[in-house]
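Since the structure comes first, as structure tokens, the remarks are kept for the end.
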Amino acid sequence: MSYNNILSATEDHITTITINRPSKLNALNRETIQELHDAFEAADHDKNTKVIIITGNGEKAFVAGADISEFADFNVDEGGMLAARGQQLLFDFVENLSTPVIAAVNGFALGGGLELAMSAHFRVASENAKMGLPEVSLGVIPGYGGTQRLPQLIGKGRAMEMIMTARMIDAGTAWSYGLVNHVTALDELMPFCKQIAGNIKNNSSVAIGAAIKAVNANYKDGVNGFEIEIQQFANCFGTSDFKEGTSAFLAKRKADFPGE
Ligand code: COA
């Protein structure tokens with residue numbers, strides 16, 4: 001598949017999706033959101049892909065937010081549709097993928113950029129990264145899940161302060177808040193993320209997908225996460241991966257999961 005605003009490449013079972021609008025600091029316009037949806041969907045359906053890494057092109061930005069030039073003259077209905085469509089196509093979509101997604105935050109992750117990083121299953125940042133939700137400085141609020149996922153990740157008080165002040169935090173602060181799992185030098189970011197992906201990719205992809213569903217259930221209103229865990233745990237017993245994992249252990253050999 002060819003894209004205008006992103007790059008997607010698979011190597012050694014890891015698909016790297018790179019947002020490629022560096023002259024606009026990788027801001028998310030409508031076309032980029034659609035292309036990201038298509039690329040994530042393709043990678044999730046690709047049996048050869050075990051882990052997805054999302055990053056931004058250039059040394060300056062992961063994503064500097066939703067493309068302000070596209071929505072500056074929107075009315076109330078259009079604003080509602082913008083948020084709903086974006087959440088459905090990209091942000092909720094990524095969070096609920098069964099393939100693990102790591103955000104490699106290589107610079108500014110602002111507004112929709114931080115919201116995209118927060119939709120990933122976890123985040124690694126380079127030392128130069130700066131993160132924030134500056135929407136109230138534009139007279140609007142985060143609309144791609146930021147008011148929900150930021151408090152889930154760093155707690156209500158810190159999230160309220162970040163949203164109300166519209167200020168950016170640096171990579172070290174993001175690490176101390178638990179917003180990113182690791183901080184690396186910029187040139188170490190992708191090798192480090194690929195190393196973590198390497199630790200993930202030989203495990204059962206079916207079990208990992210089930211674990212994502214169970215963990216996410218904790219954050220869904222009206223859903224009992226413990227019940228979902230029981231269902232997902234039980235389903236694993238019917239998979240070829242479970243048969244392979246347990247027999248390999250008992251035979252003292254390395255498991256070779258079929259991913260089914
Ligand atoms: N939407 C659209 N265009 C954006 C953008 C966004 N969110 N963020 C950056 N750009 C564009 C700029 O308009 C500029 O384009 P131009 O060269 O055609 O004028 C280009 O990217 C480079 O940005 P610039 O502002 O010149 O870089 P900088 O280094 O001076 O500042 C930032 C970097 C990130 C501090 C600044 O770009 C910024 O504040 N961006 C908006 C962040 C934001 O509010 N995001 C939330 C949106 S809801």
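Convention: chains lettered A, B, ... in structure tokens order; per-chain residue numbering from 1; ligands numbered from 1 as shown.
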**OP:** Grab me every residue within 6 Å of ligand 1, counting only C-alpha atoms and all ligand atoms, and send it over as a list in words.
**Re:**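 Listing the residues within 6 Å of ligand 1 gives Ser23, Lys24, Leu25, Ala27, Ala64, Gly65, Ala66, Asp67, Ile68, Ser69, Leu110, Gly111, Pro134 and Glu135 of chain A.
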Original post:
Please, which residues of segment 26-212 of chain A, numbered as in this document, come out strand (DSSP E or B) from DSSP, as a PyMOL selection string?
Top reply: chain A and resi 28+51-56+61-63+66+101-105+108-110+122-126+130-132+169-170+182-184
**OP:** Show which residues sit within 10 Å of segment 227-244 of chain A, as an MDAnalysis selection string. Count only C-alpha atoms, and ignore same-chain residues fewer than 6 positions away.
**Re:** chainID A and resid 203:207 209:218 250 254:260
**OP:** Measuring atom to atom with only C-alpha atoms, identify which of A:Val101, A:Ala251, A:Ala83, A:Cys193 is nearest to Pro142 of chain A.
**Re:** A:Ala83
**OP:** Would you list the contacts of segment 95-97 of chain A as a PyMOL selection string, taking every protein, DNA or RNA residue within 7 Å and counting only C-alpha atoms, but skipping same-chain residues closer than 6 positions in sequence?
**Re:** chain A and resi 44+119-121
**OP:** Using DSSP on the backbone, list every residue of segment 14-257 of chain A that comes out as helix (DSSP H, G or I), and give them as a ChimeraX atom specification.
**Re:** /A:22-24,30-45,68-71,76-95,112-119,135-138,146-154,156-165,171-177,186-201,205-217,225-236,240-250
Original post:
So which residues touch Thr10 of chain A within 9 Å, counting only C-alpha atoms, skipping near sequence neighbours fewer than 4 positions away, as a list in words?
Top reply: Ile14, Thr15, Thr16, Ile17, Ala43, Asn48, Thr49 and Ile52 of chain A
Subject >> Option closest in space to Ile54 of chain A, from A:Val76, A:Leu189, A:Met1, A:Met131 [counting only C-alpha atoms] >> reply: A:Leu189
